[in-house]
Amino acid sequence: MILLVGSTVLAACAGGGKGNKGASPSASESSADPSASSKPARPVDISFFAPQGKAPLEDNDYTKLVEQKFNVKIKWDLAPADALVDRRQLLLASGDYPEVFLEGKFTTTDILTYSKQGVLIPLNHLIDQYAPNLKALMEKKPYLKTAMTAPDGNIYGIPRFNECYHCQYSQKYWMNQEWLDRVGLPVPTTTDELYAVLKAFKTQDPNGNGKADEIPLTGAPNKSVWNGNIDAYLMNSFIYNDNDKYLTVNGGKVIFAANKPEWREGLAFIHKLYKEGLVDKASFTQNDQAVGQLGNREGAEIVGSITTALLSYLVNVWDDNVTRHKHWVIVPPLKGPNGVQLAGTSQGLGEFAFTITKKASEAQQIAAIQIADYAFSEEGALLSEYGTHEGVGWNKAQVGEKNIWGEPAKYSFENLPHQDENAIRNDSWSLLGPKDMSKEFRDSFASAQDPLSSKGYETRLAQATKTYEPFAPKEFYPAGAYIRPEDTDAAAQLTTSIKDYVQSNMAQFILGNKDIEKDWDAYVKGFDGLNLTKYIEIYQAAIEKN
């Protein structure tokens with residue numbers, strides 16, 4: 001599913017390919033660069049662990065750039081991408097590991113485990129002395145520093161910082177404006193108004209074909225369609241639904257959402273929609289291909305709305321000769337009966353890509369942190385992600401080119417030479433290693449200003465997301481919480497069993513296989529056998545750094 005989403009939003013999240021010829025940005029456009037004063041007199045040999053790509057990393061243009069810039073020679077220890085973690089574990093178990101894991105996919109638990117074993121060294125002093133770009137970003141984005149800092153106060157790993165704006169508020173809902181116009185109703189703002197709209201879609205033949213074939217609301221399991229499960233959006237009108245661990249935070253206290261009276265109220269509402277035929281029965285089983293077939297079928301449209309992060313799952317937005325997508329609009333968070341109106345929120349943090357091991361000498365440590373820090377400068381991020389030279393994978397923006405917010409852009413993917421889509425590129429590290437892919441960096445690229453054009457999809461997603469931002473909860477469970485090593489196994493087991501229990505019972509309540517009046521108490525009681533108290537305790541401890 002992640003691969004699918006990656007391909008679906010490539011243009012929206014990245015905007016283009018990578019180049020290998022031309023001129024890089026001038027030094028004046030770069031952020032702080034400590035390399036000139038600390039570049040070693042002799043070349044430093046250093047081993048990097050990374051995934052194997054289609055082209056050799058030792059011949060990569062960006063590899064050569066950083067080797068020359070920081071006077072190092074990188075020896076690559078590569079593993080197949082699908083076996084990266086297994087290979088990493090074998091190296092760590094054998095003791096025959098490299099000086100640097102450039103792409104190690106270390107979780108917070110891994111960080112705690114291997115730092116306590118002394119395998120991973122603290123990076124605090126290296127960041128303070130040799131990583132001004134990363135240090136500045138940590139000050140600008142306090143949640144990044146918090147997520148990087150282990151309970152003992154040290155930093156042992158650096159993540160790839162990826163602030164995808166439309167990903168941050170991805171529990172979205174899209175609706176057919178043409179149908180709204182035909183039934184004479186506005187975009188709903190409350191759950192009551194939504195019910196009225198879906199009822200009208202069901203009964204008033206908005207597609208005008210004289211058949212009762214309309215599907216007022218469709219969706220799909222999250223594993224197939226990003227946030228396609230209908231509760232991801234609808235439940236946030238009753239109680240916060242993170243669509244993951246079902247945790248909320250209030251005053252620093254972790255609270256479980258899926259056994260609260262508000263959750264019950266949300267289930268009752270969704271069941272009402274389903275019982276009256278307003279929700280597609282296939283929403284609980286269909287995959288992305290089935291969703292696309294519903295939306296792109298020939299003849300009259302049959303779908304009135306869909307829950308998903310990306311409208312492009314349902315209708316073709318990439319072909320300017322196809323116009324059906326143009327009358328689809330975003331529906332902001334709905335106000336529920338008790339005034340709850342929230343947007344699902346996530347942070348642009350994942351595993352820790354970069355770590356330095358105890359085998360690194362002082363010179364190797366300095367070189368490694370400088371290479372990592374360079375990718376947190378504007379110049380380094382640009383060249384690392386999109387290619388070492390201007391003119392093939394990226395350009396400086398022309399006068400008049402604007403970003404997704406209508407502001408002057410700095411870089412552009414327009415007017416690039418045609419490239420064979422099967423050609424193997426070897427001029428960047430692309431999504432390899434830590435780097436600054438912050439919102440500010442992403443916003444420096446040009447985007448088509450017409451949100452309904454094929455090249456303006458990123459603009460469309462940004463504008464849609466902007467309507468969700470004001471409804472973000474004041475607190476939510478952080479992505480970078482450190483699970484204690486002694487809790488790792490229990491956390492994995494409890495998280496799986498509790499999520500499965502919530503989701504299976506949710507489906508039964510919505511479908512009517514369980515009665516919300518008769519079976520709710522038994523459902524709540526069932527959490528006792530799943531050790532919910534321990535589950536909450538583990539995740540509470542994870543956010544209490546002391």
# chains A, B, ... in the order shown; residues from 1 in each chain; ligands from 1

$ residues_around --residues "range 161-174 of chain A" --least-positions-apart "6" --cutoff "8 Å" --atoms "only C-alpha atoms" --output "ChimeraX atom specification"
/A:13,144,227,232-233,305-311,328-332,343-349,434-439,442,461-462,465,468-469

$ select_by_dssp --residues "range 155-313 of chain A" --states "strand (DSSP E or B)" --output "PyMOL selection string"
chain A and resi 155+158-159+161-162+173-176+190+215+217-218+247-250+253-256+279+303+305-307

$ write_last_selection --atoms "N, CA and C atoms" --output "PDB file, in the first residue's frame"
ATOM      1  N   ILE A 155      21.080  12.021  21.866  1.00  0.00           N
ATOM      2  CA  ILE A 155      20.595  11.759  20.509  1.00  0.00           C
ATOM      3  C   ILE A 155      21.500  10.697  19.897  1.00  0.00           C
ATOM      4  N   ILE A 158      19.430   9.993  13.624  1.00  0.00           N
ATOM      5  CA  ILE A 158      18.842  11.124  12.912  1.00  0.00           C
ATOM      6  C   ILE A 158      17.854  10.583  11.880  1.00  0.00           C
ATOM      7  N   PRO A 159      16.615  11.049  11.907  1.00  0.00           N
ATOM      8  CA  PRO A 159      15.632  10.579  10.933  1.00  0.00           C
ATOM      9  C   PRO A 159      15.683  11.387   9.637  1.00  0.00           C
ATOM     10  N   PHE A 161      13.725  13.856   7.774  1.00  0.00           N
ATOM     11  CA  PHE A 161      12.650  14.756   8.191  1.00  0.00           C
ATOM     12  C   PHE A 161      11.780  15.057   6.981  1.00  0.00           C
ATOM     13  N   ASN A 162      10.574  14.527   6.982  1.00  0.00           N
ATOM     14  CA  ASN A 162       9.731  14.562   5.784  1.00  0.00           C
ATOM     15  C   ASN A 162       8.371  15.157   6.134  1.00  0.00           C
ATOM     16  N   TYR A 173     -12.096  13.669   3.331  1.00  0.00           N
ATOM     17  CA  TYR A 173     -13.384  13.265   2.767  1.00  0.00           C
ATOM     18  C   TYR A 173     -13.656  14.142   1.542  1.00  0.00           C
ATOM     19  N   TRP A 174     -13.979  13.496   0.416  1.00  0.00           N
ATOM     20  CA  TRP A 174     -14.226  14.194  -0.852  1.00  0.00           C
ATOM     21  C   TRP A 174     -15.661  13.955  -1.310  1.00  0.00           C
ATOM     22  N   MET A 175     -16.260  14.956  -1.967  1.00  0.00           N
ATOM     23  CA  MET A 175     -17.671  14.851  -2.342  1.00  0.00           C
ATOM     24  C   MET A 175     -17.906  15.398  -3.753  1.00  0.00           C
ATOM     25  N   ASN A 176     -18.915  14.844  -4.399  1.00  0.00           N
ATOM     26  CA  ASN A 176     -19.302  15.188  -5.763  1.00  0.00           C
ATOM     27  C   ASN A 176     -20.164  16.463  -5.751  1.00  0.00           C
ATOM     28  N   THR A 190     -22.065  19.628   9.261  1.00  0.00           N
ATOM     29  CA  THR A 190     -22.360  18.874  10.479  1.00  0.00           C
ATOM     30  C   THR A 190     -22.733  17.444  10.096  1.00  0.00           C
ATOM     31  N   ILE A 215     -24.264   5.340  -5.188  1.00  0.00           N
ATOM     32  CA  ILE A 215     -23.574   4.971  -3.948  1.00  0.00           C
ATOM     33  C   ILE A 215     -23.246   6.279  -3.232  1.00  0.00           C
ATOM     34  N   LEU A 217     -21.879   7.046  -0.306  1.00  0.00           N
ATOM     35  CA  LEU A 217     -20.573   7.109   0.350  1.00  0.00           C
ATOM     36  C   LEU A 217     -19.860   5.777   0.178  1.00  0.00           C
ATOM     37  N   THR A 218     -18.628   5.824  -0.323  1.00  0.00           N
ATOM     38  CA  THR A 218     -17.822   4.617  -0.418  1.00  0.00           C
ATOM     39  C   THR A 218     -16.493   4.835   0.281  1.00  0.00           C
ATOM     40  N   LEU A 247      -5.387   6.135  20.401  1.00  0.00           N
ATOM     41  CA  LEU A 247      -4.965   6.845  21.595  1.00  0.00           C
ATOM     42  C   LEU A 247      -5.197   8.339  21.421  1.00  0.00           C
ATOM     43  N   THR A 248      -5.612   8.990  22.474  1.00  0.00           N
ATOM     44  CA  THR A 248      -5.676  10.441  22.528  1.00  0.00           C
ATOM     45  C   THR A 248      -4.811  10.897  23.700  1.00  0.00           C
ATOM     46  N   VAL A 249      -4.485  12.179  23.739  1.00  0.00           N
ATOM     47  CA  VAL A 249      -3.679  12.729  24.821  1.00  0.00           C
ATOM     48  C   VAL A 249      -4.361  13.976  25.340  1.00  0.00           C
ATOM     49  N   ASN A 250      -4.463  14.068  26.652  1.00  0.00           N
ATOM     50  CA  ASN A 250      -5.082  15.225  27.296  1.00  0.00           C
ATOM     51  C   ASN A 250      -4.230  15.617  28.492  1.00  0.00           C
ATOM     52  N   LYS A 253      -1.703  13.113  29.499  1.00  0.00           N
ATOM     53  CA  LYS A 253      -2.211  11.804  29.911  1.00  0.00           C
ATOM     54  C   LYS A 253      -2.739  11.041  28.703  1.00  0.00           C
ATOM     55  N   VAL A 254      -2.283   9.815  28.556  1.00  0.00           N
ATOM     56  CA  VAL A 254      -2.703   8.978  27.433  1.00  0.00           C
ATOM     57  C   VAL A 254      -4.057   8.357  27.740  1.00  0.00           C
ATOM     58  N   ILE A 255      -4.982   8.472  26.797  1.00  0.00           N
ATOM     59  CA  ILE A 255      -6.337   7.970  26.967  1.00  0.00           C
ATOM     60  C   ILE A 255      -6.687   7.089  25.775  1.00  0.00           C
ATOM     61  N   PHE A 256      -7.337   5.985  26.039  1.00  0.00           N
ATOM     62  CA  PHE A 256      -7.797   5.094  24.974  1.00  0.00           C
ATOM     63  C   PHE A 256      -9.176   5.540  24.518  1.00  0.00           C
ATOM     64  N   VAL A 279     -24.102   3.868   2.875  1.00  0.00           N
ATOM     65  CA  VAL A 279     -22.691   3.487   2.831  1.00  0.00           C
ATOM     66  C   VAL A 279     -22.538   2.245   1.967  1.00  0.00           C
ATOM     67  N   VAL A 303     -20.867   7.315  -7.758  1.00  0.00           N
ATOM     68  CA  VAL A 303     -20.326   7.582  -6.418  1.00  0.00           C
ATOM     69  C   VAL A 303     -20.531   9.050  -6.063  1.00  0.00           C
ATOM     70  N   SER A 305     -19.490  10.294  -2.742  1.00  0.00           N
ATOM     71  CA  SER A 305     -18.452  10.770  -1.836  1.00  0.00           C
ATOM     72  C   SER A 305     -17.549   9.608  -1.457  1.00  0.00           C
ATOM     73  N   ILE A 306     -16.349   9.946  -0.983  1.00  0.00           N
ATOM     74  CA  ILE A 306     -15.385   8.913  -0.600  1.00  0.00           C
ATOM     75  C   ILE A 306     -14.478   9.431   0.504  1.00  0.00           C
ATOM     76  N   THR A 307     -14.186   8.560   1.452  1.00  0.00           N
ATOM     77  CA  THR A 307     -13.203   8.868   2.486  1.00  0.00           C
ATOM     78  C   THR A 307     -11.848   8.341   2.034  1.00  0.00           C
TER      79      THR A 307
END

$ residues_around --residues "Ala196 in chain A" --least-positions-apart "5" --cutoff "12 Å" --atoms "only C-alpha atoms" --output "PDB file with C-alpha atoms, in the first residue's frame"
ATOM      1  CA  LEU A 180     -24.829  18.488  -4.493  1.00  0.00           C
ATOM      2  CA  VAL A 183     -30.094  17.889  -5.070  1.00  0.00           C
ATOM      3  CA  GLY A 184     -29.893  21.560  -4.067  1.00  0.00           C
ATOM      4  CA  LEU A 185     -27.737  21.137  -0.975  1.00  0.00           C
ATOM      5  CA  PRO A 186     -24.464  22.776   0.139  1.00  0.00           C
ATOM      6  CA  VAL A 187     -21.319  20.979   1.264  1.00  0.00           C
ATOM      7  CA  PRO A 188     -22.261  19.589   4.697  1.00  0.00           C
ATOM      8  CA  THR A 189     -20.772  21.121   7.826  1.00  0.00           C
ATOM      9  CA  THR A 190     -22.360  18.874  10.479  1.00  0.00           C
ATOM     10  CA  THR A 191     -23.163  15.195  10.835  1.00  0.00           C
ATOM     11  CA  PHE A 201     -27.898  11.206  -3.051  1.00  0.00           C
ATOM     12  CA  LYS A 202     -29.655   7.899  -2.393  1.00  0.00           C
ATOM     13  CA  THR A 203     -33.192   8.941  -3.268  1.00  0.00           C
ATOM     14  CA  GLN A 204     -33.110  11.832  -5.751  1.00  0.00           C
ATOM     15  CA  PRO A 216     -23.779   7.944  -1.551  1.00  0.00           C
ATOM     16  CA  LEU A 273     -25.814   5.416   7.566  1.00  0.00           C
ATOM     17  CA  GLU A 276     -30.219   3.016   5.438  1.00  0.00           C
ATOM     18  CA  LEU A 278     -26.052   5.264   2.467  1.00  0.00           C
TER      19      LEU A 278
END

$ atom_distance --atom1 "CA of Asp373 in chain A" --atom2 "CA of Arg42 in chain A"
20.5 Å

$ closest_residue --among "A:Ala136, A:Ile302, A:Ile498, A:Ala81" --to "Pro206 in chain A" --atoms "only C-alpha atoms"
A:Ile302

$ residues_around --residues "Gln449 in chain A" --least-positions-apart "5" --cutoff "7 Å" --atoms "only C-alpha atoms" --output "PyMOL selection string"
chain A and resi 404+406+456+459

$ residues_around --residues "Asp487 in chain A" --least-positions-apart "2" --cutoff "12 Å" --atoms "only C-alpha atoms" --output "JSON, numbers by chain"
{"A": [108, 109, 112, 113, 482, 483, 484, 485, 489, 490, 491, 492, 493, 494, 495, 534, 535, 536, 537, 538, 539, 540, 541, 542]}

$ closest_atom_pairs --of "range 285-358 of chain A" --to "range 84-101 of chain A" --cutoff "12 Å" --atoms "only C-alpha atoms" --output "JSON lines"
{"residue": "A:Glu351", "atom": "CA", "partner": "A:Val85", "partner_atom": "CA", "distance": 11.4}
{"residue": "A:Phe352", "atom": "CA", "partner": "A:Phe101", "partner_atom": "CA", "distance": 9.6}
{"residue": "A:Ala353", "atom": "CA", "partner": "A:Phe101", "partner_atom": "CA", "distance": 7.2}
{"residue": "A:Phe354", "atom": "CA", "partner": "A:Phe101", "partner_atom": "CA", "distance": 5.4}
{"residue": "A:Thr355", "atom": "CA", "partner": "A:Phe101", "partner_atom": "CA", "distance": 5.2}
{"residue": "A:Ile356", "atom": "CA", "partner": "A:Val100", "partner_atom": "CA", "distance": 4.6}
{"residue": "A:Thr357", "atom": "CA", "partner": "A:Glu99", "partner_atom": "CA", "distance": 5.2}
{"residue": "A:Lys358", "atom": "CA", "partner": "A:Glu99", "partner_atom": "CA", "distance": 7.1}

$ select_by_dssp --residues "range 62-151 of chain A" --states "alpha helix (DSSP H)" --output "VMD selection string"
chain A and resid 62 to 70 84 to 94 108 to 116 124 to 130 132 to 140 142 to 148

$ closest_residue --among "A:Tyr457, A:Tyr156, A:Tyr143, A:Trp263" --to "Val119 in chain A" --atoms "only C-alpha atoms"
A:Tyr156

$ closest_residue --among "A:Ser47, A:Thr146, A:Asn505, A:Ser224" --to "Trp520 in chain A" --atoms "only C-alpha atoms"
A:Asn505

$ closest_atom_pairs --of "range 177-274 of chain A" --to "range 525-531 of chain A" --cutoff "12 Å" --atoms "only C-alpha atoms" --output "tab-separated table"
residue	atom	partner	partner_atom	distance
A:Phe256	CA	A:Phe527	CA	10.8
A:Ala258	CA	A:Phe527	CA	10.0
A:Asn259	CA	A:Phe527	CA	8.4
A:Lys260	CA	A:Lys525	CA	11.9

$ atom_distance --atom1 "CA of Ile424 in chain A" --atom2 "CA of Ala375 in chain A"
22.4 Å

$ atom_distance --atom1 "CA of Tyr477 in chain A" --atom2 "CA of Asn241 in chain A"
10.9 Å

$ closest_residue --among "A:Tyr246, A:Trp226, A:Phe106, A:Tyr130" --to "Asp288 in chain A" --atoms "only C-alpha atoms"
A:Trp226

$ residues_around --residues "Gln365 in chain A" --least-positions-apart "2" --cutoff "9 Å" --atoms "only C-alpha atoms" --output "list in words"
Glu99, Val100, Leu123, Leu126, Ile356, Thr357, Ala360, Ser361, Glu362, Ala363, Ala367, Ala368, Ile369 and Gln370 of chain A

$ write_last_selection --atoms "N, CA and C atoms" --output "PDB file, in the first residue's frame"
ATOM      1  N   GLU A  99      31.010   1.589  10.359  1.00  0.00           N
ATOM      2  CA  GLU A  99      31.106   2.795  11.189  1.00  0.00           C
ATOM      3  C   GLU A  99      29.802   3.589  11.169  1.00  0.00           C
ATOM      4  N   VAL A 100      29.088   3.535  10.042  1.00  0.00           N
ATOM      5  CA  VAL A 100      27.881   4.350   9.894  1.00  0.00           C
ATOM      6  C   VAL A 100      26.758   3.541   9.248  1.00  0.00           C
ATOM      7  N   LEU A 123      25.291  11.538  19.684  1.00  0.00           N
ATOM      8  CA  LEU A 123      25.654  12.469  18.617  1.00  0.00           C
ATOM      9  C   LEU A 123      25.578  13.933  19.049  1.00  0.00           C
ATOM     10  N   LEU A 126      28.639  16.096  18.486  1.00  0.00           N
ATOM     11  CA  LEU A 126      28.920  16.218  17.051  1.00  0.00           C
ATOM     12  C   LEU A 126      27.958  17.183  16.388  1.00  0.00           C
ATOM     13  N   ILE A 356      25.735   6.426  14.073  1.00  0.00           N
ATOM     14  CA  ILE A 356      27.183   6.192  14.056  1.00  0.00           C
ATOM     15  C   ILE A 356      27.510   5.172  15.145  1.00  0.00           C
ATOM     16  N   THR A 357      28.320   4.196  14.806  1.00  0.00           N
ATOM     17  CA  THR A 357      28.650   3.137  15.766  1.00  0.00           C
ATOM     18  C   THR A 357      29.967   3.441  16.481  1.00  0.00           C
ATOM     19  N   ALA A 360      33.607   3.910  14.837  1.00  0.00           N
ATOM     20  CA  ALA A 360      34.060   5.100  14.121  1.00  0.00           C
ATOM     21  C   ALA A 360      35.101   5.864  14.941  1.00  0.00           C
ATOM     22  N   SER A 361      36.193   6.209  14.284  1.00  0.00           N
ATOM     23  CA  SER A 361      37.190   7.063  14.911  1.00  0.00           C
ATOM     24  C   SER A 361      36.664   8.491  14.976  1.00  0.00           C
ATOM     25  N   GLU A 362      37.397   9.369  15.655  1.00  0.00           N
ATOM     26  CA  GLU A 362      36.954  10.756  15.757  1.00  0.00           C
ATOM     27  C   GLU A 362      36.836  11.392  14.374  1.00  0.00           C
ATOM     28  N   ALA A 363      37.823  11.137  13.521  1.00  0.00           N
ATOM     29  CA  ALA A 363      37.794  11.708  12.172  1.00  0.00           C
ATOM     30  C   ALA A 363      36.612  11.163  11.377  1.00  0.00           C
ATOM     31  N   ALA A 367      33.434  13.362   9.877  1.00  0.00           N
ATOM     32  CA  ALA A 367      33.089  13.294   8.457  1.00  0.00           C
ATOM     33  C   ALA A 367      31.653  12.824   8.258  1.00  0.00           C
ATOM     34  N   ALA A 368      31.252  11.823   9.031  1.00  0.00           N
ATOM     35  CA  ALA A 368      29.909  11.259   8.892  1.00  0.00           C
ATOM     36  C   ALA A 368      28.843  12.278   9.245  1.00  0.00           C
ATOM     37  N   ILE A 369      29.025  13.005  10.350  1.00  0.00           N
ATOM     38  CA  ILE A 369      27.997  13.964  10.757  1.00  0.00           C
ATOM     39  C   ILE A 369      27.953  15.144   9.797  1.00  0.00           C
ATOM     40  N   GLN A 370      29.101  15.491   9.200  1.00  0.00           N
ATOM     41  CA  GLN A 370      29.098  16.570   8.221  1.00  0.00           C
ATOM     42  C   GLN A 370      28.354  16.171   6.947  1.00  0.00           C
TER      43      GLN A 370
END
